[in-house]
>>> print(open('input-v3.cif').read())   # mmCIF, C-alpha atoms and all ligand atoms
data_target
loop_
_atom_site.label_atom_id
_atom_site.label_comp_id
_atom_site.auth_asym_id
_atom_site.auth_seq_id
_atom_site.Cartn_x
_atom_site.Cartn_y
_atom_site.Cartn_z
CA MET I 1 12.50 23.81 -7.05
CA LYS I 2 9.20 23.55 -5.21
CA HIS I 3 9.00 20.16 -3.47
CA LEU I 4 6.26 18.96 -1.14
CA VAL I 5 7.82 16.71 1.47
CA ASP I 6 6.11 18.20 4.53
CA LEU I 7 3.31 20.79 4.45
CA ASP I 8 5.65 22.98 6.51
CA ASP I 9 7.41 23.51 3.15
CA PHE I 10 4.38 25.60 2.12
CA SER I 11 3.08 28.83 3.64
CA LEU I 12 -0.43 28.87 5.04
CA GLU I 13 -1.47 31.09 2.11
CA GLU I 14 -0.14 28.51 -0.35
CA VAL I 15 -2.01 25.66 1.35
CA GLU I 16 -5.21 27.67 1.34
CA SER I 17 -4.81 28.67 -2.27
CA ILE I 18 -4.36 24.98 -3.21
CA LEU I 19 -7.56 24.10 -1.32
CA ASN I 20 -9.49 26.92 -2.94
CA LYS I 21 -8.21 25.86 -6.33
CA ALA I 22 -9.25 22.25 -5.61
CA ILE I 23 -12.78 23.41 -4.84
CA TYR I 24 -12.85 25.42 -8.06
CA ILE I 25 -11.46 22.50 -10.10
CA LYS I 26 -14.11 20.17 -8.67
CA SER I 27 -16.89 22.14 -10.32
CA ASN I 28 -14.92 23.33 -13.37
CA MET I 29 -13.08 20.20 -14.51
CA SER I 30 -13.29 20.93 -18.22
CA LYS I 31 -11.38 24.21 -17.82
CA PHE I 32 -8.33 22.23 -16.63
CA SER I 33 -8.33 19.44 -19.20
CA ASN I 34 -5.23 20.83 -20.97
CA ALA I 35 -3.56 22.56 -18.05
CA MET I 36 -0.66 20.06 -17.90
CA SER I 37 -0.56 18.85 -21.50
CA LYS I 38 2.87 17.43 -22.45
CA LYS I 39 3.79 17.18 -18.74
CA ILE I 40 4.73 13.82 -17.24
CA ILE I 41 4.30 12.62 -13.67
CA ALA I 42 6.40 9.66 -12.46
CA THR I 43 4.65 7.75 -9.68
CA LEU I 44 7.33 5.77 -7.84
CA PHE I 45 5.61 3.51 -5.34
CA TYR I 46 7.97 1.40 -3.24
CA GLU I 47 4.99 0.49 -1.00
CA PRO I 48 1.46 -0.69 -1.84
CA SER I 49 -1.18 1.90 -2.60
CA THR I 50 -4.60 2.15 -4.22
CA ARG I 51 -5.99 5.64 -3.65
CA THR I 52 -2.83 7.72 -3.46
CA GLN I 53 -1.18 6.27 -6.53
CA MET I 54 -4.30 6.17 -8.70
CA SER I 55 -5.46 9.60 -7.63
CA PHE I 56 -2.09 11.10 -8.61
CA GLN I 57 -2.33 9.32 -11.95
CA THR I 58 -5.97 10.32 -12.47
CA ALA I 59 -5.15 13.90 -11.50
CA MET I 60 -2.39 14.16 -14.13
CA ILE I 61 -4.51 12.48 -16.82
CA LYS I 62 -7.46 14.82 -16.09
CA LEU I 63 -5.02 17.74 -16.43
CA GLY I 64 -4.06 16.51 -19.90
CA GLY I 65 -0.68 15.09 -18.84
CA GLN I 66 0.89 11.63 -18.97
CA VAL I 67 1.97 9.07 -16.37
CA ILE I 68 5.05 6.85 -16.02
CA GLY I 69 6.35 4.92 -13.01
CA PHE I 70 6.21 1.67 -11.08
CA ASP I 71 4.03 0.29 -8.34
CA ASN I 72 6.35 -2.53 -7.44
CA PRO I 73 10.06 -1.75 -7.16
CA THR I 74 10.97 -5.40 -7.76
CA ASN I 75 10.06 -4.77 -11.42
CA SER I 76 12.60 -1.95 -11.66
CA SER I 77 16.41 -1.71 -11.37
CA ILE I 78 15.98 -1.31 -7.61
CA ALA I 79 15.78 -5.12 -7.60
CA LYS I 80 19.31 -5.12 -9.12
CA GLY I 81 20.61 -2.96 -6.26
CA GLU I 82 20.24 0.58 -7.63
CA ASP I 83 20.13 3.15 -4.84
CA LEU I 84 17.53 5.86 -4.36
CA LYS I 85 19.89 8.62 -5.52
CA ASP I 86 20.56 7.11 -8.96
CA THR I 87 16.92 6.15 -9.49
CA ILE I 88 15.80 9.71 -8.75
CA LYS I 89 18.57 11.38 -10.78
CA ILE I 90 17.49 9.43 -13.87
CA ILE I 91 13.72 9.57 -13.48
CA SER I 92 13.75 13.30 -12.77
CA GLU I 93 15.29 13.75 -16.23
CA TYR I 94 12.36 11.81 -17.77
CA ALA I 95 9.49 13.35 -15.80
CA ASP I 96 8.37 16.88 -14.90
CA ILE I 97 7.23 15.90 -11.41
CA ILE I 98 7.73 12.86 -9.17
CA ALA I 99 5.32 11.43 -6.57
CA ILE I 100 7.20 8.99 -4.35
CA ARG I 101 5.95 6.59 -1.68
CA HIS I 102 8.61 4.76 0.30
CA ASN I 103 8.78 2.47 3.30
CA LEU I 104 11.66 4.41 4.88
CA GLU I 105 11.14 7.60 6.87
CA GLY I 106 12.78 10.59 5.26
CA ALA I 107 13.02 8.96 1.81
CA ALA I 108 11.04 11.73 0.12
CA ARG I 109 13.34 14.42 1.52
CA ALA I 110 16.33 12.36 0.38
CA ALA I 111 14.80 12.02 -3.10
CA ALA I 112 14.26 15.78 -3.27
CA CYS I 113 18.01 16.30 -2.64
CA PHE I 114 18.88 14.52 -5.91
CA SER I 115 15.97 15.41 -8.15
CA SER I 116 16.06 17.87 -11.03
CA CYS I 117 12.23 18.14 -10.91
CA PRO I 118 9.76 18.71 -8.05
CA VAL I 119 9.24 15.78 -5.66
CA ILE I 120 5.99 15.12 -3.83
CA ASN I 121 5.93 12.93 -0.75
CA ALA I 122 3.17 10.34 -1.20
CA GLY I 123 4.00 8.79 2.22
CA ASP I 124 7.39 8.01 3.78
CA GLY I 125 7.15 5.09 6.21
CA GLY I 126 5.40 6.07 9.43
CA HIS I 127 6.55 9.69 9.07
CA LEU I 128 4.37 11.99 6.92
CA HIS I 129 1.73 11.98 4.18
CA PRO I 130 1.12 15.62 3.21
CA THR I 131 -1.09 15.04 0.16
CA GLN I 132 -3.49 12.98 2.29
CA THR I 133 -3.62 16.03 4.57
CA LEU I 134 -4.65 18.22 1.63
CA THR I 135 -7.39 15.70 0.87
CA ASP I 136 -8.48 15.66 4.53
CA LEU I 137 -8.53 19.46 4.72
CA LEU I 138 -10.52 19.73 1.53
CA THR I 139 -13.16 17.38 2.96
CA ILE I 140 -13.28 19.30 6.24
CA LYS I 141 -13.49 22.62 4.37
CA GLU I 142 -16.55 21.44 2.46
CA THR I 143 -18.40 20.80 5.72
CA LYS I 144 -17.03 22.99 8.53
CA SER I 145 -16.73 26.75 8.33
CA SER I 146 -13.05 26.86 9.36
CA PHE I 147 -10.08 24.81 10.51
CA SER I 148 -10.02 26.54 13.93
CA ASN I 149 -11.85 25.99 17.23
CA LEU I 150 -12.44 22.30 16.56
CA THR I 151 -11.97 19.18 18.67
CA PHE I 152 -10.34 16.37 16.71
CA GLY I 153 -10.31 12.76 17.84
CA PHE I 154 -7.65 10.56 16.25
CA CYS I 155 -8.23 6.87 16.85
CA GLY I 156 -6.19 3.73 16.13
CA ASP I 157 -2.51 3.35 15.27
CA LEU I 158 -1.27 6.83 16.08
CA LYS I 159 2.34 5.71 16.37
CA HIS I 160 2.72 4.65 12.73
CA GLY I 161 -0.14 6.62 11.18
CA ARG I 162 1.65 9.08 8.90
CA THR I 163 -1.67 10.64 7.84
CA VAL I 164 -2.31 11.55 11.48
CA HIS I 165 1.16 13.06 11.95
CA SER I 166 0.83 15.27 8.87
CA LEU I 167 -2.71 16.40 9.66
CA VAL I 168 -1.97 17.24 13.31
CA LYS I 169 1.09 19.28 12.33
CA MET I 170 -0.98 21.22 9.81
CA LEU I 171 -3.89 21.84 12.21
CA LEU I 172 -1.49 23.41 14.70
CA ARG I 173 -1.13 26.28 12.25
CA TYR I 174 -4.76 27.21 12.98
CA LYS I 175 -6.14 28.61 16.22
CA ASN I 176 -7.55 26.87 19.24
CA ASN I 177 -7.87 23.28 18.06
CA LYS I 178 -7.99 20.49 20.61
CA PHE I 179 -6.75 16.95 20.04
CA ILE I 180 -7.89 13.74 21.70
CA PHE I 181 -5.58 10.84 20.83
CA ILE I 182 -7.37 7.52 21.28
CA SER I 183 -5.10 4.48 21.11
CA THR I 184 -3.60 1.62 23.06
CA ASP I 185 -0.53 2.32 25.15
CA GLN I 186 1.70 0.71 22.52
CA LEU I 187 0.39 2.77 19.61
CA LYS I 188 0.41 6.27 21.10
CA ILE I 189 1.18 9.39 19.10
CA PRO I 190 5.00 9.94 18.90
CA ASP I 191 6.65 12.23 21.45
CA TYR I 192 7.92 14.58 18.75
CA ILE I 193 4.33 15.39 17.78
CA LYS I 194 3.34 15.93 21.44
CA LYS I 195 6.28 18.31 21.84
CA ILE I 196 5.19 20.35 18.83
CA ILE I 197 1.66 20.56 20.25
CA ILE I 198 2.94 21.68 23.65
CA ALA I 199 5.24 24.26 22.05
CA SER I 200 2.30 25.64 20.05
CA LYS I 201 0.26 25.96 23.29
CA ASN I 202 -2.59 23.87 21.91
CA GLN I 203 -4.30 21.29 24.08
CA PHE I 204 -4.27 17.54 23.76
CA GLU I 205 -5.29 14.55 25.84
CA GLU I 206 -4.75 10.84 25.47
CA SER I 207 -7.51 8.30 25.93
CA CYS I 208 -7.93 4.57 25.60
CA SER I 209 -11.70 4.67 25.05
CA LEU I 210 -13.50 5.77 21.90
CA GLU I 211 -16.87 5.47 23.69
CA ASN I 212 -15.81 7.88 26.46
CA SER I 213 -14.40 10.51 24.08
CA ILE I 214 -16.77 10.52 21.12
CA ASP I 215 -19.32 13.02 22.52
CA LYS I 216 -16.65 15.78 22.61
CA LEU I 217 -15.58 15.49 18.98
CA ASP I 218 -16.25 17.69 15.95
CA ILE I 219 -14.16 15.40 13.77
CA LEU I 220 -13.34 11.73 14.31
CA TYR I 221 -10.35 10.50 12.29
CA MET I 222 -10.22 6.70 12.32
CA THR I 223 -7.12 4.76 11.24
CA ARG I 224 -6.23 1.12 10.76
CA ILE I 225 -3.48 -0.70 12.66
CA GLN I 226 -0.47 -0.55 10.32
CA LYS I 227 0.42 -4.23 10.20
CA GLU I 228 3.36 -3.70 7.82
CA ARG I 229 5.22 -1.46 10.30
CA PHE I 230 5.42 -4.10 13.04
CA LYS I 231 8.61 -5.72 11.76
CA PHE I 232 10.51 -2.96 13.56
CA GLU I 233 8.46 -3.39 16.77
CA LYS I 234 8.78 -5.24 20.05
CA THR I 235 4.96 -5.38 20.31
CA ALA I 236 3.12 -8.07 18.31
CA PHE I 237 0.59 -6.92 15.72
CA SER I 238 -1.93 -9.54 16.85
CA ALA I 239 -2.02 -8.01 20.35
CA GLN I 240 -3.08 -4.64 18.87
CA LYS I 241 -5.92 -5.84 16.65
CA ASN I 242 -9.60 -5.20 17.30
CA PHE I 243 -9.28 -2.67 20.14
CA PHE I 244 -11.29 0.03 18.44
CA LYS I 245 -14.27 -0.44 16.20
CA LEU I 246 -16.66 2.35 15.29
CA LYS I 247 -20.22 0.99 15.34
CA LYS I 248 -23.61 2.55 14.76
CA ASN I 249 -24.25 2.20 18.47
CA THR I 250 -21.13 4.16 19.44
CA LEU I 251 -22.30 6.99 17.18
CA LYS I 252 -25.43 7.54 19.28
CA LYS I 253 -23.34 9.58 21.71
CA ALA I 254 -21.66 11.66 18.97
CA LYS I 255 -22.61 15.18 17.87
CA SER I 256 -25.12 15.24 15.03
CA ASP I 257 -22.66 17.13 12.80
CA MET I 258 -19.51 15.21 13.73
CA LEU I 259 -17.50 14.37 10.61
CA ILE I 260 -16.11 10.82 10.34
CA LEU I 261 -12.89 10.66 8.32
CA HIS I 262 -10.58 7.75 7.49
CA PRO I 263 -7.69 7.86 4.99
CA LEU I 264 -8.61 4.27 3.98
CA PRO I 265 -8.03 1.39 3.48
CA ARG I 266 -10.43 0.28 6.20
CA VAL I 267 -9.66 -3.12 7.61
CA ASP I 268 -12.16 -3.67 10.40
CA GLU I 269 -12.13 -0.48 12.47
CA ILE I 270 -15.36 0.93 11.03
CA ASP I 271 -18.42 -1.27 10.84
CA PHE I 272 -20.06 -1.36 7.39
CA GLU I 273 -23.34 -0.18 8.92
CA VAL I 274 -21.68 3.21 9.64
CA ASP I 275 -21.23 3.84 5.89
CA SER I 276 -24.82 4.99 5.45
CA ASP I 277 -24.62 7.47 8.35
CA PRO I 278 -24.66 11.05 6.95
CA ARG I 279 -21.64 11.84 9.13
CA ALA I 280 -19.48 9.25 7.33
CA ALA I 281 -17.33 11.23 4.89
CA TYR I 282 -14.52 8.78 4.09
CA PHE I 283 -15.60 7.85 0.58
CA ARG I 284 -16.07 11.52 -0.36
CA GLN I 285 -12.66 12.15 1.24
CA ALA I 286 -11.06 9.52 -1.05
CA ALA I 287 -12.78 11.02 -4.11
CA ASN I 288 -11.48 14.47 -3.11
CA GLY I 289 -7.93 13.10 -3.44
CA VAL I 290 -8.07 13.66 -7.20
CA PHE I 291 -9.08 17.35 -6.92
CA ALA I 292 -6.56 18.08 -4.17
CA ARG I 293 -3.78 16.49 -6.25
CA MET I 294 -4.84 18.28 -9.44
CA ALA I 295 -4.60 21.58 -7.57
CA LEU I 296 -1.25 20.57 -6.05
CA ILE I 297 0.31 19.51 -9.36
CA THR I 298 -0.66 22.77 -11.06
CA HIS I 299 0.62 24.73 -8.05
CA VAL I 300 3.98 22.97 -7.88
CA LEU I 301 4.61 23.09 -11.62
CA SER I 302 3.93 26.79 -11.83
CA ALA I 303 5.60 27.85 -8.57
CA PRO I 304 8.81 29.88 -8.64
CA ASN I 305 12.07 28.44 -7.32
CA VAL I 306 12.42 28.45 -3.55
CA GLU I 307 15.42 28.38 -1.23
CA ASN I 308 16.60 25.11 0.26
CA PHE I 309 16.20 24.50 3.99
CA PRO I 310 19.01 25.84 6.16
CA THR I 311 20.57 22.62 7.51
CA VAL I 312 23.79 21.72 9.29
CA THR I 313 25.88 18.65 8.58
CA ILE I 314 26.98 16.72 11.69
CA ASN I 315 28.89 13.48 11.65
CA LYS I 316 26.25 11.59 13.69
CA CYS I 317 23.80 8.86 12.66
CA CYS I 318 20.08 9.43 13.00
CA CYS I 319 18.80 7.37 15.96
CA ASN I 320 15.59 6.38 14.12
CA ASP I 321 16.22 2.85 12.84
CA ARG I 322 13.58 3.41 10.10
CA CYS I 323 15.32 6.54 8.79
CA VAL I 324 16.44 6.46 5.16
CA THR I 325 19.94 7.66 6.21
CA ASN I 326 20.52 4.33 7.98
CA PHE I 327 19.94 2.45 4.70
CA GLU I 328 21.16 4.82 1.97
CA LYS I 329 24.56 5.41 3.55
CA TYR I 330 25.83 8.04 1.07
CA LEU I 331 23.25 10.58 2.26
CA PRO I 332 24.83 13.62 3.94
CA LYS I 333 23.99 13.66 7.68
CA ARG I 334 21.93 16.81 7.68
CA PHE I 335 20.08 18.21 10.69
CA ILE I 336 17.90 21.21 11.40
CA LYS I 337 18.89 23.18 14.49
CA ASN I 338 16.10 24.37 16.76
CA LYS I 339 17.32 26.14 19.90
CA GLU I 340 19.78 23.64 21.45
CA SER I 341 18.33 20.57 19.70
CA TYR I 342 19.00 19.00 16.33
CA PHE I 343 16.34 17.21 14.27
CA CYS I 344 17.04 14.87 11.35
CA HIS I 345 16.45 16.79 8.10
CA TYR I 346 14.95 13.67 6.51
CA CYS I 347 12.73 12.00 9.17
CA SER I 348 12.36 14.72 11.90
CA GLN I 349 13.78 12.51 14.70
CA LYS I 350 15.51 14.42 17.51
CA LEU I 351 19.22 13.70 17.66
CA ASN I 352 20.51 12.34 21.00
CA ILE I 353 23.75 14.17 21.75
C1 LIG D 1 -2.88 5.76 4.21
C2 LIG D 1 -1.38 5.59 4.04
O1 LIG D 1 -0.92 4.98 3.09
O2 LIG D 1 -0.69 6.08 4.92
N1 LIG D 1 -3.62 5.46 3.06
C3 LIG D 1 -3.72 6.38 2.07
O3 LIG D 1 -2.75 6.89 1.57
N2 LIG D 1 -4.94 6.76 1.70
C4 LIG D 1 -3.40 5.08 5.42
C5 LIG D 1 -3.15 3.61 5.58
O4 LIG D 1 -2.53 2.95 4.74
O5 LIG D 1 -3.60 3.10 6.59
#
>>> encode(input="input-v3.cif", output="structure tokens", more="lines below")
Ligand code: NCD
Amino acid sequence: MKHLVDLDDFSLEEVESILNKAIYIKSNMSKFSNAMSKKIIATLFYEPSTRTQMSFQTAMIKLGGQVIGFDNPTNSSIAKGEDLKDTIKIISEYADIIAIRHNLEGAARAAACFSSCPVINAGDGGHLHPTQTLTDLLTIKETKSSFSNLTFGFCGDLKHGRTVHSLVKMLLRYKNNKFIFISTDQLKIPDYIKKIIIASKNQFEESCSLENSIDKLDILYMTRIQKERFKFEKTAFSAQKNFFKLKKNTLKKAKSDMLILHPLPRVDEIDFEVDSDPRAAYFRQAANGVFARMALITHVLSAPNVENFPTVTINKCCCNDRCVTNFEKYLPKRFIKNKESYFCHYCSQKLNI
């Protein structure tokens, strides 16, 4: 089965063919209006969502298919204590494809283990959000000539921002990109992402000032502080609020063709007056979510079967306290071996041994 849990599951050619298809779909919608007729998508949203959930649903409806699912697990048997495995086993018999958003890291990979239909990760805790990355790439592709030789500034909550983690990992597959991570000390990009950047020989720097970094950027990716993730934290949410705000004034120093992206929702990190700046692309980015997901659904539902990941089972618990394996205890303790290190198959955390 072809799942999309992490964009690393797809070859570069596949990602590019999805983006090209999305561009084609955008100007040829009527040609796709029956492409998925009689197909059903189940949107299983254990966490709140506006754009991701509705763009998956819109995408399937525009492809001629149907939608089932829930947007609040307390209205499903999960409230009665049903585990993820049983929920997925059943729903994958009803639907042709599942889009799942979950608060736990690795939950989408766990769901894929028990599903009889393709599973798409619509965000797993603070881990990854690959379909947002497709949307981001599509928006960049419409404006910039390539995904290489660019300087990206990521600003805000880089610790919990799954959209940032997915996009950075994907951009490392292109040549000569540079990353400037702008955050407070408490909300820095995770070490595992820094290690991947170092291993790929790309450059990155960390900064605590948007004003001092903005003139170097080709793309500025703003993010909100992820309030809902702070229950696992020692740092208080209130101490992290209002550090970074993009204002019209700050933009004076930026390149005239810098692209401003934001996965949305915006809370207060971009001033409303920026919306009318021609560089602000975040509303177009959100609209592109439908085309990217239409292209993805058609790709996944027509793709041939692929091999499972080579993993090893070790009798050790993942040290990430947000990992799905620490909540859904029946999950096999699977790890991916890379040189002498082991990484959790579900949430990517390095195992301490
Ligand atoms: C993002 C998410 O859910 O990770 N939103 C989205 O999917 N468009 C970003 C966020 O919630 O801050």
>>> residues_around(input="input-v3.cif", residues="I:Ile88", least_positions_apart="4", cutoff="9 Å", atoms="all atoms listed in the file", output="JSON, numbers by chain")
{"I": [83, 84, 92, 93, 98, 111, 112, 114, 115, 116]}
>>> write_last_selection(input="input-v3.cif", atoms="C-alpha atoms", output="PDB file, in the frame of the given file")
ATOM      1  CA  ASP I  83      20.130   3.150  -4.840  1.00  0.00           C
ATOM      2  CA  LEU I  84      17.530   5.860  -4.360  1.00  0.00           C
ATOM      3  CA  SER I  92      13.750  13.300 -12.770  1.00  0.00           C
ATOM      4  CA  GLU I  93      15.290  13.750 -16.230  1.00  0.00           C
ATOM      5  CA  ILE I  98       7.730  12.860  -9.170  1.00  0.00           C
ATOM      6  CA  ALA I 111      14.800  12.020  -3.100  1.00  0.00           C
ATOM      7  CA  ALA I 112      14.260  15.780  -3.270  1.00  0.00           C
ATOM      8  CA  PHE I 114      18.880  14.520  -5.910  1.00  0.00           C
ATOM      9  CA  SER I 115      15.970  15.410  -8.150  1.00  0.00           C
ATOM     10  CA  SER I 116      16.060  17.870 -11.030  1.00  0.00           C
TER      11      SER I 116
END
>>> closest_residue(input="input-v3.cif", among="I:Ala99, I:Ala59, I:Leu264, I:Ala292", to="ligand LIG 1 (chain D)", atoms="all atoms listed in the file")
I:Leu264
>>> closest_atom_pairs(input="input-v3.cif", of="chain I", to="ligand LIG 1 (chain D)", cutoff="9 Å", atoms="only C-alpha atoms and all ligand atoms", output="Markdown table")
| residue | atom | partner | partner_atom | distance |
| --- | --- | --- | --- | --- |
| I:Glu47 | CA | D:LIG1 | O1 | 8.5 |
| I:Pro48 | CA | D:LIG1 | O1 | 7.9 |
| I:Ser49 | CA | D:LIG1 | O1 | 6.5 |
| I:Thr50 | CA | D:LIG1 | N2 | 7.5 |
| I:Arg51 | CA | D:LIG1 | N2 | 5.6 |
| I:Thr52 | CA | D:LIG1 | O3 | 5.1 |
| I:Gln53 | CA | D:LIG1 | O3 | 8.3 |
| I:Arg101 | CA | D:LIG1 | O1 | 8.5 |
| I:Ala122 | CA | D:LIG1 | O3 | 7.4 |
| I:Gly123 | CA | D:LIG1 | O2 | 6.1 |
| I:Asp124 | CA | D:LIG1 | O2 | 8.4 |
| I:Gly125 | CA | D:LIG1 | O2 | 8.0 |
| I:Gly126 | CA | D:LIG1 | O2 | 7.6 |
| I:Leu128 | CA | D:LIG1 | O2 | 8.0 |
| I:His129 | CA | D:LIG1 | O2 | 6.4 |
| I:Thr131 | CA | D:LIG1 | O3 | 8.4 |
| I:Gln132 | CA | D:LIG1 | O3 | 6.2 |
| I:Asp157 | CA | D:LIG1 | O5 | 8.8 |
| I:His160 | CA | D:LIG1 | O2 | 8.6 |
| I:Gly161 | CA | D:LIG1 | O2 | 6.3 |
| I:Arg162 | CA | D:LIG1 | O2 | 5.5 |
| I:Thr163 | CA | D:LIG1 | O2 | 5.5 |
| I:Val164 | CA | D:LIG1 | O2 | 8.7 |
| I:Thr223 | CA | D:LIG1 | O5 | 6.1 |
| I:Arg224 | CA | D:LIG1 | O5 | 5.3 |
| I:Ile225 | CA | D:LIG1 | O5 | 7.2 |
| I:Gln226 | CA | D:LIG1 | O5 | 6.1 |
| I:His262 | CA | D:LIG1 | C4 | 7.9 |
| I:Pro263 | CA | D:LIG1 | N2 | 4.4 |
| I:Leu264 | CA | D:LIG1 | N2 | 5.0 |
| I:Pro265 | CA | D:LIG1 | O5 | 5.7 |
| I:Arg266 | CA | D:LIG1 | O5 | 7.4 |
| I:Val267 | CA | D:LIG1 | O5 | 8.7 |
| I:Ala286 | CA | D:LIG1 | N2 | 7.3 |
| I:Gly289 | CA | D:LIG1 | N2 | 8.7 |
>>> residues_around(input="input-v3.cif", residues="stretch 168-178 of chain I", least_positions_apart="5", cutoff="9 Å", atoms="all atoms listed in the file", output="count of residues only")
22
>>> atom_distance(input="input-v3.cif", atom1="atom CA of I:Thr313", atom2="atom CA of I:Cys117")
23.8 Å
>>> build_atoms(input="input-v3.cif", residues="stretch 277-292 of chain I", atoms="N, CA and C atoms", output="compact mmCIF listing (two decimals), in the frame of the given file")
# COMPACT_ATOMS: atom_id res chain seq x y z
N ASP I 277 -24.38 6.34 7.45
CA ASP I 277 -24.62 7.47 8.35
C ASP I 277 -24.21 8.76 7.63
N PRO I 278 -25.02 9.81 7.67
CA PRO I 278 -24.66 11.05 6.95
C PRO I 278 -23.34 11.66 7.42
N ARG I 279 -22.90 11.29 8.61
CA ARG I 279 -21.64 11.84 9.13
C ARG I 279 -20.41 11.15 8.52
N ALA I 280 -20.62 9.99 7.91
CA ALA I 280 -19.48 9.25 7.33
C ALA I 280 -19.02 9.92 6.05
N ALA I 281 -17.78 10.45 6.06
CA ALA I 281 -17.33 11.23 4.89
C ALA I 281 -16.14 10.57 4.20
N TYR I 282 -15.78 9.34 4.60
CA TYR I 282 -14.52 8.78 4.09
C TYR I 282 -14.51 8.44 2.61
N PHE I 283 -15.65 8.14 2.02
CA PHE I 283 -15.60 7.85 0.58
C PHE I 283 -15.51 9.17 -0.22
N ARG I 284 -16.19 10.19 0.28
CA ARG I 284 -16.07 11.52 -0.36
C ARG I 284 -14.63 12.03 -0.21
N GLN I 285 -14.05 11.76 0.97
CA GLN I 285 -12.66 12.15 1.24
C GLN I 285 -11.72 11.50 0.20
N ALA I 286 -11.91 10.22 -0.07
CA ALA I 286 -11.06 9.52 -1.05
C ALA I 286 -11.26 10.11 -2.44
N ALA I 287 -12.50 10.43 -2.78
CA ALA I 287 -12.78 11.02 -4.11
C ALA I 287 -12.11 12.40 -4.21
N ASN I 288 -12.10 13.14 -3.11
CA ASN I 288 -11.48 14.47 -3.11
C ASN I 288 -9.98 14.42 -3.39
N GLY I 289 -9.37 13.25 -3.20
CA GLY I 289 -7.93 13.10 -3.44
C GLY I 289 -7.54 13.53 -4.84
N VAL I 290 -8.40 13.29 -5.82
CA VAL I 290 -8.07 13.66 -7.20
C VAL I 290 -8.03 15.19 -7.33
N PHE I 291 -9.02 15.89 -6.77
CA PHE I 291 -9.08 17.35 -6.92
C PHE I 291 -7.93 18.03 -6.16
N ALA I 292 -7.66 17.50 -4.97
CA ALA I 292 -6.56 18.08 -4.17
C ALA I 292 -5.25 17.91 -4.93
